Amino acid sequence: MATSSTSLSSQFATQLAGRVAVITGASSGIGRASALLLASRGARVAVLARRKEALDTLVAEITAAGGEAIAVPVDVTDQASVDAAAAQVAAAYGRADLVFNNAGVMLPGAIEERKLGEWEQQIDLNVTGVMRVIHAFVPQLVQAAAEGATVDLVNTSSIAGQNLYPYFAVYTATKAYVSHLTRHLRIELGPKNIRVSMIEPGIVATELQGHVTFQGAKDWLAGAEKTMEFLQPENVAESVGFIVAQPKHVNLQQVVIMPTKQTT
Ligand SMILES: NC(=O)c1ccc[n+]([C@@H]2O[C@H](COP(=O)([O-])OP(=O)(O)OC[C@H]3O[C@@H](n4cnc5c(N)ncnc54)[C@H](OP(=O)(O)O)[C@@H]3O)[C@@H](O)[C@H]2O)c1
């Protein structure tokens, strides 16, 4: 029997009903698009980033569309701030059962320029920041799993975690960390019925490239833009939505999503 488009969209609207999602890096790019998508599928979403105004705008957008969301300003380079965010989520929604650990920054540069500050910034956000979020939210995920809920920890890595790009040594190393961490956490948390996944995108058109100051990388990105259509954040959000909507016993461990014309 044919299914009408109306019943198909209402099926999606309740797909994640009852889920409580925490999304870091939600003020722009992949995190923002994922918050909109998860909310549109029925999850209550806590959106985390530093820019409060952007979070408030996002919450208003979700609420206007009939969804439920709270803005939780946070700096993931500060454990006290992340712990306070976890407490705020628990107070609002009981506990999270879905954490999209996504905030990150990319600052390419020639190693000989020795920009220690930029190396530290990337490691503190992409590596230690990811760990701070896990530190704060793993108790909620364990609790949710013990209650029988479907539970997800999704980490944003990158194709850069697998491939080699000149001038991206520190960034790619932070993403290799996230990918290896994810594989290890899965074997530890899987037996507790917590799914652990990573999304590894190729180039996505977001604010990420806007922070790049190193000319060699700017030129490379500008050249790439001429030869291919970059992914949009919504394309990645669809994959995140697919990962978390699987039946409870199905863990998509690693999803690589590339612009069709990006080959490395
Ligand atoms: N774009 C790509 O080509 C691409 C490819 C592969 C992987 N990725 C990864 O995807 C993730 C999301 O990046 P994006 O492309 O969506 O870039 P984006 O638009 O620049 O988003 C980065 C997000 O991280 C947040 N953030 C930065 N510093 C933070 C801090 N100290 N505390 C809390 N939040 C912080 C930003 O919000 P505030 O500034 O408001 O804090 C923003 O919401 C990153 O991990 C990135 O490495 C991106």
# chains A, B, ... in the order shown; residues from 1 in each chain; ligands from 1

$ closest_atom_pairs --of "range 199-226 of chain A" --to "range 147-156 of chain A" --cutoff "10 Å" --atoms "only C-alpha atoms" --output "CSV"
residue,atom,partner,partner_atom,distance
A:Ile199,CA,A:Thr156,CA,5.1
A:Glu200,CA,A:Thr156,CA,6.5
A:Pro201,CA,A:Thr156,CA,8.2

$ residues_near_ligand --ligand "ligand 1" --cutoff "7 Å" --atoms "only C-alpha atoms and all ligand atoms" --output "short mmCIF file (atom, residue, chain, number, x, y, z; two decimals) with all heavy atoms, in the first residue's frame"
data_model
loop_
_atom_site.label_atom_id
_atom_site.label_comp_id
_atom_site.auth_asym_id
_atom_site.auth_seq_id
_atom_site.Cartn_x
_atom_site.Cartn_y
_atom_site.Cartn_z
N THR A 24 27.03 19.98 21.30
CA THR A 24 28.03 21.04 21.47
C THR A 24 28.40 21.61 20.10
O THR A 24 28.29 20.93 19.08
CB THR A 24 29.30 20.54 22.20
OG1 THR A 24 30.05 19.70 21.32
CG2 THR A 24 28.96 19.78 23.47
N GLY A 25 28.82 22.87 20.12
CA GLY A 25 29.10 23.54 18.85
C GLY A 25 27.82 23.80 18.09
O GLY A 25 27.77 23.77 16.86
N ALA A 26 26.75 24.11 18.86
CA ALA A 26 25.42 24.22 18.25
C ALA A 26 25.11 25.63 17.73
O ALA A 26 24.05 25.83 17.15
CB ALA A 26 24.35 23.80 19.26
N SER A 27 26.02 26.58 17.94
CA SER A 27 25.70 27.95 17.51
C SER A 27 25.91 28.16 16.01
O SER A 27 25.49 29.17 15.47
CB SER A 27 26.53 28.96 18.30
OG SER A 27 27.90 28.72 18.09
N SER A 28 26.56 27.20 15.35
CA SER A 28 26.77 27.35 13.90
C SER A 28 27.05 26.00 13.26
O SER A 28 27.22 24.99 13.95
CB SER A 28 27.93 28.32 13.61
OG SER A 28 29.15 27.79 14.11
N GLY A 29 27.09 26.00 11.95
CA GLY A 29 27.56 24.86 11.18
C GLY A 29 26.85 23.54 11.45
O GLY A 29 25.62 23.47 11.53
N ILE A 30 27.66 22.50 11.59
CA ILE A 30 27.14 21.13 11.71
C ILE A 30 26.28 20.97 12.97
O ILE A 30 25.23 20.32 12.95
CB ILE A 30 28.33 20.13 11.74
CG1 ILE A 30 29.07 20.15 10.39
CG2 ILE A 30 27.87 18.73 12.11
CD1 ILE A 30 30.42 19.44 10.40
N GLY A 31 26.73 21.57 14.08
CA GLY A 31 25.98 21.45 15.33
C GLY A 31 24.61 22.09 15.24
O GLY A 31 23.60 21.52 15.67
N LEU A 48 24.50 23.81 23.05
CA LEU A 48 25.65 24.31 23.80
C LEU A 48 26.67 24.97 22.87
O LEU A 48 27.01 24.41 21.82
CB LEU A 48 26.35 23.16 24.54
CG LEU A 48 25.77 22.67 25.88
CD1 LEU A 48 24.35 22.16 25.73
CD2 LEU A 48 26.66 21.59 26.47
N ALA A 49 27.14 26.14 23.28
CA ALA A 49 28.24 26.86 22.60
C ALA A 49 28.50 28.10 23.44
O ALA A 49 27.84 28.31 24.48
CB ALA A 49 27.87 27.24 21.17
N ARG A 50 29.44 28.95 23.00
CA ARG A 50 29.72 30.16 23.79
C ARG A 50 28.79 31.31 23.44
O ARG A 50 28.41 32.08 24.30
CB ARG A 50 31.18 30.61 23.55
CG ARG A 50 32.22 29.68 24.15
CD ARG A 50 33.60 30.03 23.65
NE ARG A 50 33.63 29.99 22.18
CZ ARG A 50 34.69 30.29 21.44
NH1 ARG A 50 35.80 30.67 22.03
NH2 ARG A 50 34.63 30.23 20.13
N ARG A 51 28.39 31.42 22.17
CA ARG A 51 27.61 32.60 21.75
C ARG A 51 26.14 32.46 22.11
O ARG A 51 25.36 31.81 21.41
CB ARG A 51 27.77 32.81 20.24
CG ARG A 51 29.11 33.40 19.85
CD ARG A 51 29.32 33.38 18.37
NE ARG A 51 29.53 32.03 17.86
CZ ARG A 51 29.64 31.71 16.57
NH1 ARG A 51 29.52 32.64 15.66
NH2 ARG A 51 29.85 30.47 16.21
N VAL A 74 28.12 27.70 27.12
CA VAL A 74 29.19 26.91 27.74
C VAL A 74 30.50 27.16 27.00
O VAL A 74 30.50 27.45 25.81
CB VAL A 74 28.84 25.40 27.69
CG1 VAL A 74 28.90 24.85 26.27
CG2 VAL A 74 29.75 24.58 28.58
N ASP A 75 31.58 27.08 27.75
CA ASP A 75 32.90 27.08 27.13
C ASP A 75 33.52 25.72 27.41
O ASP A 75 33.84 25.40 28.56
CB ASP A 75 33.77 28.21 27.73
CG ASP A 75 35.13 28.31 27.05
OD1 ASP A 75 35.53 27.35 26.36
OD2 ASP A 75 35.79 29.35 27.21
N VAL A 76 33.68 24.90 26.38
CA VAL A 76 34.16 23.54 26.63
C VAL A 76 35.65 23.47 26.95
O VAL A 76 36.18 22.39 27.18
CB VAL A 76 33.80 22.55 25.48
CG1 VAL A 76 32.31 22.48 25.25
CG2 VAL A 76 34.54 22.85 24.21
N THR A 77 36.33 24.63 26.99
CA THR A 77 37.71 24.62 27.46
C THR A 77 37.77 24.82 28.99
O THR A 77 38.85 24.93 29.56
CB THR A 77 38.57 25.70 26.77
OG1 THR A 77 38.10 26.99 27.14
CG2 THR A 77 38.54 25.55 25.26
N ASN A 102 30.68 17.80 19.44
CA ASN A 102 30.94 18.28 18.09
C ASN A 102 31.78 19.55 18.00
O ASN A 102 32.37 19.83 16.96
CB ASN A 102 29.56 18.49 17.43
CG ASN A 102 29.63 19.25 16.14
OD1 ASN A 102 30.11 18.73 15.14
ND2 ASN A 102 29.18 20.51 16.16
N ALA A 103 31.88 20.33 19.09
CA ALA A 103 32.61 21.61 19.00
C ALA A 103 34.06 21.37 18.58
O ALA A 103 34.70 20.41 19.02
CB ALA A 103 32.58 22.33 20.35
N GLY A 104 34.55 22.22 17.71
CA GLY A 104 35.94 22.07 17.26
C GLY A 104 36.42 23.29 16.52
O GLY A 104 35.63 24.17 16.14
N VAL A 105 37.74 23.35 16.32
CA VAL A 105 38.34 24.47 15.58
C VAL A 105 39.49 23.93 14.72
O VAL A 105 40.12 22.94 15.08
CB VAL A 105 38.82 25.57 16.57
CG1 VAL A 105 40.00 25.10 17.42
CG2 VAL A 105 39.16 26.86 15.84
N MET A 106 39.70 24.58 13.58
CA MET A 106 40.76 24.14 12.66
C MET A 106 41.66 25.33 12.33
O MET A 106 41.20 26.32 11.76
CB MET A 106 40.10 23.61 11.37
CG MET A 106 41.08 23.14 10.32
SD MET A 106 40.22 22.56 8.84
CE MET A 106 39.84 24.10 8.00
N LEU A 125 40.58 22.39 22.59
CA LEU A 125 39.16 22.29 22.19
C LEU A 125 38.85 20.91 21.59
O LEU A 125 37.92 20.23 22.03
CB LEU A 125 38.85 23.40 21.17
CG LEU A 125 37.39 23.52 20.73
CD1 LEU A 125 36.46 23.71 21.92
CD2 LEU A 125 37.23 24.68 19.75
N ASN A 126 39.64 20.48 20.61
CA ASN A 126 39.29 19.27 19.85
C ASN A 126 39.59 17.98 20.60
O ASN A 126 38.98 16.95 20.33
CB ASN A 126 40.06 19.24 18.52
CG ASN A 126 39.78 20.45 17.65
OD1 ASN A 126 39.00 21.33 18.00
ND2 ASN A 126 40.45 20.53 16.51
N THR A 156 32.36 14.14 16.74
CA THR A 156 32.72 14.63 15.41
C THR A 156 34.22 14.53 15.22
O THR A 156 35.00 15.25 15.86
CB THR A 156 32.26 16.08 15.20
OG1 THR A 156 30.85 16.16 15.42
CG2 THR A 156 32.56 16.52 13.76
N SER A 157 34.61 13.62 14.35
CA SER A 157 36.00 13.55 13.92
C SER A 157 36.06 14.23 12.56
O SER A 157 35.36 15.22 12.32
CB SER A 157 36.46 12.09 13.88
OG SER A 157 37.81 12.03 13.46
N SER A 158 36.82 13.71 11.64
CA SER A 158 36.96 14.31 10.31
C SER A 158 37.67 13.31 9.42
O SER A 158 38.41 12.44 9.92
CB SER A 158 37.81 15.58 10.41
OG SER A 158 38.22 16.02 9.13
N ILE A 159 37.51 13.47 8.12
CA ILE A 159 38.32 12.68 7.20
C ILE A 159 39.79 12.98 7.44
O ILE A 159 40.67 12.15 7.17
CB ILE A 159 37.90 12.97 5.72
CG1 ILE A 159 38.54 11.97 4.76
CG2 ILE A 159 38.21 14.39 5.33
CD1 ILE A 159 38.11 10.55 4.93
N GLU A 200 32.78 11.37 10.27
CA GLU A 200 34.03 11.87 9.70
C GLU A 200 33.73 12.57 8.37
O GLU A 200 33.76 11.96 7.31
CB GLU A 200 35.01 10.71 9.48
CG GLU A 200 35.44 10.05 10.78
CD GLU A 200 36.50 8.97 10.59
OE1 GLU A 200 36.50 8.28 9.55
OE2 GLU A 200 37.33 8.82 11.50
N PRO A 201 33.42 13.88 8.43
CA PRO A 201 33.10 14.58 7.19
C PRO A 201 34.34 15.02 6.43
O PRO A 201 35.39 15.29 7.01
CB PRO A 201 32.32 15.82 7.67
CG PRO A 201 32.09 15.63 9.14
CD PRO A 201 33.15 14.71 9.62
N GLY A 202 34.18 15.13 5.11
CA GLY A 202 35.12 15.88 4.28
C GLY A 202 34.78 17.36 4.44
O GLY A 202 34.24 17.77 5.47
N ILE A 203 35.04 18.16 3.41
CA ILE A 203 34.87 19.62 3.58
C ILE A 203 33.39 20.00 3.63
O ILE A 203 32.61 19.63 2.74
CB ILE A 203 35.55 20.41 2.45
CG1 ILE A 203 37.02 20.01 2.31
CG2 ILE A 203 35.46 21.92 2.73
CD1 ILE A 203 37.76 20.76 1.21
N VAL A 204 33.03 20.73 4.68
CA VAL A 204 31.66 21.23 4.87
C VAL A 204 31.73 22.75 4.89
O VAL A 204 32.62 23.32 5.54
CB VAL A 204 31.07 20.73 6.22
CG1 VAL A 204 29.57 21.01 6.28
CG2 VAL A 204 31.37 19.25 6.46
N ALA A 205 30.81 23.39 4.20
CA ALA A 205 30.79 24.87 4.17
C ALA A 205 30.22 25.39 5.49
O ALA A 205 29.01 25.38 5.70
CB ALA A 205 29.94 25.35 3.00
N THR A 206 31.12 25.79 6.39
CA THR A 206 30.71 26.32 7.70
C THR A 206 31.64 27.48 8.08
O THR A 206 32.51 27.86 7.29
CB THR A 206 30.83 25.24 8.81
OG1 THR A 206 32.22 24.96 9.01
CG2 THR A 206 30.08 23.97 8.48
N GLU A 207 31.50 27.94 9.31
CA GLU A 207 32.40 29.00 9.80
C GLU A 207 33.82 28.48 10.04
O GLU A 207 34.74 29.28 10.24
CB GLU A 207 31.87 29.59 11.11
CG GLU A 207 30.57 30.36 10.94
CD GLU A 207 30.06 30.92 12.28
OE1 GLU A 207 30.81 30.91 13.27
OE2 GLU A 207 28.90 31.36 12.31
N LEU A 208 33.98 27.16 10.04
CA LEU A 208 35.29 26.57 10.38
C LEU A 208 36.42 27.16 9.54
O LEU A 208 37.48 27.50 10.07
CB LEU A 208 35.24 25.04 10.17
CG LEU A 208 36.35 24.24 10.82
CD1 LEU A 208 36.08 24.05 12.31
CD2 LEU A 208 36.51 22.86 10.16
N GLN A 209 36.18 27.27 8.23
CA GLN A 209 37.24 27.77 7.33
C GLN A 209 37.50 29.26 7.56
O GLN A 209 38.57 29.76 7.20
CB GLN A 209 36.85 27.55 5.85
CG GLN A 209 36.74 26.09 5.44
CD GLN A 209 35.35 25.50 5.67
OE1 GLN A 209 34.41 26.24 5.90
NE2 GLN A 209 35.24 24.19 5.61
N PRO A 233 26.08 21.85 6.00
CA PRO A 233 25.90 21.28 7.34
C PRO A 233 24.68 20.35 7.42
O PRO A 233 24.70 19.35 8.14
CB PRO A 233 25.69 22.52 8.22
CG PRO A 233 26.25 23.66 7.46
CD PRO A 233 26.23 23.32 6.02
#

$ closest_residue --among "A:Ala65, A:Ala71, A:Ala92, A:Ala35" --to "Lys52 in chain A" --atoms "only C-alpha atoms"
A:Ala71

$ residues_around --residues "Glu118 in chain A" --least-positions-apart "5" --cutoff "10 Å" --atoms "only C-alpha atoms" --output "count of residues only"
9

$ residues_around --residues "Ser197 in chain A" --least-positions-apart "5" --cutoff "10 Å" --atoms "only C-alpha atoms" --output "ChimeraX atom specification"
/A:100,152-157,179,182-183,185-186,240,243-244,251-255

$ write_last_selection --atoms "all heavy atoms" --output "short mmCIF file (atom, residue, chain, number, x, y, z; two decimals), in the first residue's frame"
data_model
loop_
_atom_site.label_atom_id
_atom_site.label_comp_id
_atom_site.auth_asym_id
_atom_site.auth_seq_id
_atom_site.Cartn_x
_atom_site.Cartn_y
_atom_site.Cartn_z
N PHE A 100 25.99 14.76 21.25
CA PHE A 100 26.71 15.00 19.99
C PHE A 100 27.87 15.92 20.34
O PHE A 100 27.70 17.12 20.53
CB PHE A 100 25.76 15.60 18.95
CG PHE A 100 26.40 15.81 17.59
CD1 PHE A 100 27.40 14.97 17.12
CD2 PHE A 100 25.99 16.84 16.77
CE1 PHE A 100 27.99 15.15 15.87
CE2 PHE A 100 26.56 17.04 15.51
CZ PHE A 100 27.57 16.19 15.07
N ASP A 152 23.17 7.35 22.89
CA ASP A 152 24.20 7.61 21.88
C ASP A 152 25.22 8.62 22.36
O ASP A 152 24.85 9.66 22.91
CB ASP A 152 23.57 8.21 20.62
CG ASP A 152 22.82 7.19 19.80
OD1 ASP A 152 23.48 6.37 19.16
OD2 ASP A 152 21.57 7.21 19.83
N LEU A 153 26.49 8.31 22.09
CA LEU A 153 27.56 9.31 22.14
C LEU A 153 28.12 9.38 20.73
O LEU A 153 28.64 8.38 20.22
CB LEU A 153 28.66 8.88 23.13
CG LEU A 153 29.95 9.70 23.10
CD1 LEU A 153 29.71 11.15 23.48
CD2 LEU A 153 31.00 9.08 24.04
N VAL A 154 27.92 10.53 20.08
CA VAL A 154 28.42 10.70 18.71
C VAL A 154 29.51 11.78 18.73
O VAL A 154 29.26 12.91 19.15
CB VAL A 154 27.28 11.13 17.75
CG1 VAL A 154 27.82 11.26 16.32
CG2 VAL A 154 26.11 10.16 17.80
N ASN A 155 30.70 11.42 18.33
CA ASN A 155 31.83 12.37 18.32
C ASN A 155 32.08 12.83 16.89
O ASN A 155 32.06 12.03 15.96
CB ASN A 155 33.10 11.69 18.84
CG ASN A 155 32.97 11.26 20.30
OD1 ASN A 155 32.41 12.00 21.12
ND2 ASN A 155 33.48 10.09 20.63
N THR A 156 32.36 14.14 16.74
CA THR A 156 32.72 14.63 15.41
C THR A 156 34.22 14.53 15.22
O THR A 156 35.00 15.25 15.86
CB THR A 156 32.26 16.08 15.20
OG1 THR A 156 30.85 16.16 15.42
CG2 THR A 156 32.56 16.52 13.76
N SER A 157 34.61 13.62 14.35
CA SER A 157 36.00 13.55 13.92
C SER A 157 36.06 14.23 12.56
O SER A 157 35.36 15.22 12.32
CB SER A 157 36.46 12.09 13.88
OG SER A 157 37.81 12.03 13.46
N SER A 179 38.98 9.86 16.57
CA SER A 179 38.59 8.60 15.94
C SER A 179 39.04 7.41 16.77
O SER A 179 38.27 6.47 16.99
CB SER A 179 39.19 8.51 14.53
OG SER A 179 38.60 9.49 13.69
N THR A 182 37.04 7.08 19.94
CA THR A 182 35.69 6.58 19.70
C THR A 182 35.70 5.05 19.60
O THR A 182 34.84 4.38 20.20
CB THR A 182 35.11 7.20 18.40
OG1 THR A 182 35.18 8.62 18.52
CG2 THR A 182 33.68 6.76 18.17
N ARG A 183 36.67 4.51 18.86
CA ARG A 183 36.75 3.05 18.74
C ARG A 183 36.94 2.41 20.12
O ARG A 183 36.33 1.39 20.43
CB ARG A 183 37.92 2.66 17.82
CG ARG A 183 37.61 2.87 16.34
CD ARG A 183 38.71 2.31 15.46
NE ARG A 183 39.87 3.18 15.40
CZ ARG A 183 40.01 4.16 14.49
NH1 ARG A 183 39.09 4.36 13.58
NH2 ARG A 183 41.07 4.94 14.49
N LEU A 185 36.17 3.73 23.14
CA LEU A 185 35.01 3.92 24.03
C LEU A 185 33.89 2.95 23.66
O LEU A 185 33.14 2.50 24.52
CB LEU A 185 34.50 5.36 23.95
CG LEU A 185 35.40 6.41 24.61
CD1 LEU A 185 34.74 7.78 24.52
CD2 LEU A 185 35.69 6.06 26.06
N ARG A 186 33.78 2.64 22.37
CA ARG A 186 32.72 1.72 21.95
C ARG A 186 32.89 0.35 22.60
O ARG A 186 31.91 -0.26 23.05
CB ARG A 186 32.69 1.59 20.43
CG ARG A 186 31.32 1.22 19.90
CD ARG A 186 31.34 0.94 18.43
NE ARG A 186 31.87 -0.39 18.17
CZ ARG A 186 31.22 -1.52 18.42
NH1 ARG A 186 30.00 -1.50 18.93
NH2 ARG A 186 31.77 -2.68 18.16
N VAL A 240 23.86 12.28 11.04
CA VAL A 240 23.74 12.20 12.50
C VAL A 240 22.35 11.66 12.86
O VAL A 240 22.20 10.76 13.69
CB VAL A 240 23.99 13.58 13.16
CG1 VAL A 240 23.74 13.53 14.66
CG2 VAL A 240 25.41 14.06 12.86
N ILE A 243 22.23 7.94 12.22
CA ILE A 243 22.97 7.15 13.23
C ILE A 243 22.10 6.93 14.47
O ILE A 243 21.98 5.82 14.97
CB ILE A 243 24.28 7.89 13.63
CG1 ILE A 243 25.30 7.86 12.48
CG2 ILE A 243 24.88 7.30 14.90
CD1 ILE A 243 26.51 8.77 12.70
N VAL A 244 21.50 8.03 14.96
CA VAL A 244 20.80 7.93 16.26
C VAL A 244 19.40 7.34 16.14
O VAL A 244 18.80 7.00 17.16
CB VAL A 244 20.75 9.31 16.98
CG1 VAL A 244 22.15 9.84 17.19
CG2 VAL A 244 19.89 10.32 16.22
N ASN A 251 24.72 -0.24 16.13
CA ASN A 251 25.67 0.87 16.35
C ASN A 251 26.47 1.11 15.08
O ASN A 251 27.34 0.33 14.72
CB ASN A 251 26.61 0.50 17.51
CG ASN A 251 27.53 1.64 17.95
OD1 ASN A 251 28.09 1.59 19.05
ND2 ASN A 251 27.71 2.67 17.16
N LEU A 252 26.14 2.20 14.39
CA LEU A 252 26.96 2.62 13.25
C LEU A 252 28.22 3.24 13.84
O LEU A 252 28.19 4.35 14.36
CB LEU A 252 26.22 3.65 12.40
CG LEU A 252 25.26 3.09 11.36
CD1 LEU A 252 24.38 4.20 10.82
CD2 LEU A 252 26.00 2.42 10.23
N GLN A 253 29.33 2.55 13.76
CA GLN A 253 30.53 2.98 14.48
C GLN A 253 31.19 4.19 13.85
O GLN A 253 31.71 5.07 14.53
CB GLN A 253 31.52 1.81 14.51
CG GLN A 253 32.88 2.18 15.05
CD GLN A 253 33.80 0.98 15.13
OE1 GLN A 253 33.42 -0.06 15.65
NE2 GLN A 253 35.00 1.11 14.61
N GLN A 254 31.15 4.25 12.52
CA GLN A 254 31.96 5.26 11.82
C GLN A 254 31.28 5.60 10.51
O GLN A 254 31.02 4.71 9.70
CB GLN A 254 33.33 4.63 11.53
CG GLN A 254 34.32 5.48 10.80
CD GLN A 254 35.67 4.75 10.73
OE1 GLN A 254 35.75 3.54 10.96
NE2 GLN A 254 36.70 5.48 10.40
N VAL A 255 30.96 6.87 10.33
CA VAL A 255 30.33 7.29 9.07
C VAL A 255 31.22 8.34 8.42
O VAL A 255 31.50 9.38 9.01
CB VAL A 255 28.91 7.84 9.32
CG1 VAL A 255 28.34 8.44 8.05
CG2 VAL A 255 27.99 6.75 9.86
#

$ closest_residue --among "A:Gly223, A:Gly216, A:Gly67, A:Gly210" --to "Ala17 in chain A" --atoms "only C-alpha atoms"
A:Gly67

$ select_by_dssp --residues "range 29-100 of chain A" --states "strand (DSSP E or B)" --output "number ranges by chain"
A: 44-49, 68-73, 98-100

$ write_last_selection --atoms "C-alpha atoms" --output "PDB file, in the first residue's frame"
ATOM      1  CA  ARG A  44      14.270  17.690  23.206  1.00  0.00           C
ATOM      2  CA  VAL A  45      17.569  19.421  22.537  1.00  0.00           C
ATOM      3  CA  ALA A  46      20.026  21.295  24.741  1.00  0.00           C
ATOM      4  CA  VAL A  47      22.161  23.494  22.519  1.00  0.00           C
ATOM      5  CA  LEU A  48      25.645  24.313  23.804  1.00  0.00           C
ATOM      6  CA  ALA A  49      28.239  26.856  22.604  1.00  0.00           C
ATOM      7  CA  GLU A  68      11.571  21.874  22.402  1.00  0.00           C
ATOM      8  CA  ALA A  69      15.011  23.265  23.178  1.00  0.00           C
ATOM      9  CA  ILE A  70      17.088  25.076  25.790  1.00  0.00           C
ATOM     10  CA  ALA A  71      20.118  27.277  25.282  1.00  0.00           C
ATOM     11  CA  VAL A  72      23.062  26.395  27.500  1.00  0.00           C
ATOM     12  CA  PRO A  73      25.980  28.803  27.070  1.00  0.00           C
ATOM     13  CA  LEU A  98      22.234  11.536  23.259  1.00  0.00           C
ATOM     14  CA  VAL A  99      25.420  13.576  23.269  1.00  0.00           C
ATOM     15  CA  PHE A 100      26.706  15.001  19.994  1.00  0.00           C
TER      16      PHE A 100
END

$ atom_distance --atom1 "CA of Val22 in chain A" --atom2 "CA of Gln121 in chain A"
22.9 Å

$ atom_distance --atom1 "CA of Pro247 in chain A" --atom2 "CA of Lys175 in chain A"
27.5 Å

$ atom_distance --atom1 "CA of Ala43 in chain A" --atom2 "CA of Ala21 in chain A"
6.4 Å

$ residues_around --residues "Ala136 in chain A" --least-positions-apart "6" --cutoff "10 Å" --atoms "only C-alpha atoms" --output "PDB file with C-alpha atoms, in the first residue's frame"
ATOM      1  CA  GLN A  79      35.501  21.962  33.019  1.00  0.00           C
ATOM      2  CA  ALA A  80      33.444  23.959  35.562  1.00  0.00           C
ATOM      3  CA  SER A  81      31.455  25.480  32.700  1.00  0.00           C
ATOM      4  CA  VAL A  82      30.792  22.045  31.157  1.00  0.00           C
ATOM      5  CA  ASP A  83      29.839  20.581  34.542  1.00  0.00           C
ATOM      6  CA  ALA A  84      27.397  23.468  35.068  1.00  0.00           C
ATOM      7  CA  ALA A  85      25.915  22.738  31.632  1.00  0.00           C
ATOM      8  CA  ALA A  86      25.419  19.079  32.553  1.00  0.00           C
ATOM      9  CA  ALA A  87      23.655  20.152  35.753  1.00  0.00           C
TER      10      ALA A  87
END

$ select_by_dssp --residues "range 147-210 of chain A" --states "alpha helix (DSSP H)" --output "number ranges by chain"
A: 169-189

$ write_last_selection --atoms "N, CA, C and O atoms" --output "tab-separated table (two decimals), in the first residue's frame"
chain	number	residue	atom	x	y	z
A	169	ALA	N	48.87	19.38	10.22
A	169	ALA	CA	49.38	18.31	11.10
A	169	ALA	C	48.68	18.27	12.45
A	169	ALA	O	48.23	17.21	12.91
A	170	VAL	N	48.57	19.43	13.10
A	170	VAL	CA	48.02	19.43	14.47
A	170	VAL	C	46.52	19.14	14.43
A	170	VAL	O	46.01	18.31	15.20
A	171	TYR	N	45.81	19.80	13.51
A	171	TYR	CA	44.36	19.56	13.41
A	171	TYR	C	44.09	18.09	13.10
A	171	TYR	O	43.25	17.45	13.75
A	172	THR	N	44.79	17.53	12.11
A	172	THR	CA	44.53	16.14	11.74
A	172	THR	C	44.86	15.21	12.91
A	172	THR	O	44.16	14.22	13.14
A	173	ALA	N	45.89	15.55	13.67
A	173	ALA	CA	46.25	14.71	14.82
A	173	ALA	C	45.16	14.76	15.89
A	173	ALA	O	44.85	13.74	16.52
A	174	THR	N	44.54	15.95	16.07
A	174	THR	CA	43.44	16.01	17.07
A	174	THR	C	42.27	15.13	16.61
A	174	THR	O	41.61	14.49	17.42
A	175	LYS	N	42.04	15.09	15.31
A	175	LYS	CA	40.90	14.29	14.81
A	175	LYS	C	41.23	12.79	14.82
A	175	LYS	O	40.35	11.96	15.04
A	176	ALA	N	42.51	12.46	14.60
A	176	ALA	CA	42.91	11.05	14.74
A	176	ALA	C	42.69	10.60	16.18
A	176	ALA	O	42.27	9.47	16.44
A	177	TYR	N	42.93	11.51	17.11
A	177	TYR	CA	42.67	11.21	18.53
A	177	TYR	C	41.19	10.89	18.72
A	177	TYR	O	40.83	9.89	19.36
A	178	VAL	N	40.33	11.73	18.16
A	178	VAL	CA	38.87	11.54	18.35
A	178	VAL	C	38.44	10.19	17.75
A	178	VAL	O	37.64	9.46	18.34
A	179	SER	N	38.98	9.86	16.57
A	179	SER	CA	38.59	8.60	15.94
A	179	SER	C	39.04	7.41	16.77
A	179	SER	O	38.27	6.47	16.99
A	180	HIS	N	40.26	7.44	17.24
A	180	HIS	CA	40.76	6.29	18.01
A	180	HIS	C	40.05	6.20	19.36
A	180	HIS	O	39.72	5.11	19.83
A	181	LEU	N	39.82	7.36	19.95
A	181	LEU	CA	39.07	7.40	21.21
A	181	LEU	C	37.70	6.75	21.03
A	181	LEU	O	37.26	5.95	21.87
A	182	THR	N	37.04	7.08	19.94
A	182	THR	CA	35.69	6.58	19.70
A	182	THR	C	35.70	5.05	19.60
A	182	THR	O	34.84	4.38	20.20
A	183	ARG	N	36.67	4.51	18.86
A	183	ARG	CA	36.75	3.05	18.74
A	183	ARG	C	36.94	2.41	20.12
A	183	ARG	O	36.33	1.39	20.43
A	184	HIS	N	37.76	3.03	20.93
A	184	HIS	CA	38.02	2.45	22.26
A	184	HIS	C	36.82	2.57	23.18
A	184	HIS	O	36.49	1.63	23.91
A	185	LEU	N	36.17	3.73	23.14
A	185	LEU	CA	35.01	3.92	24.03
A	185	LEU	C	33.89	2.95	23.66
A	185	LEU	O	33.14	2.50	24.52
A	186	ARG	N	33.78	2.64	22.37
A	186	ARG	CA	32.72	1.72	21.95
A	186	ARG	C	32.89	0.35	22.60
A	186	ARG	O	31.91	-0.26	23.05
A	187	ILE	N	34.13	-0.12	22.68
A	187	ILE	CA	34.30	-1.45	23.28
A	187	ILE	C	34.08	-1.41	24.80
A	187	ILE	O	33.75	-2.40	25.41
A	188	GLU	N	34.23	-0.21	25.37
A	188	GLU	CA	34.01	-0.11	26.82
A	188	GLU	C	32.53	0.15	27.15
A	188	GLU	O	31.99	-0.42	28.09
A	189	LEU	N	31.89	1.00	26.34
A	189	LEU	CA	30.51	1.39	26.66
A	189	LEU	C	29.46	0.54	25.95
A	189	LEU	O	28.32	0.45	26.42

$ closest_residue --among "A:Phe230, A:Tyr93, A:Phe242, A:Trp220" --to "Gln140 in chain A" --atoms "only C-alpha atoms"
A:Tyr93
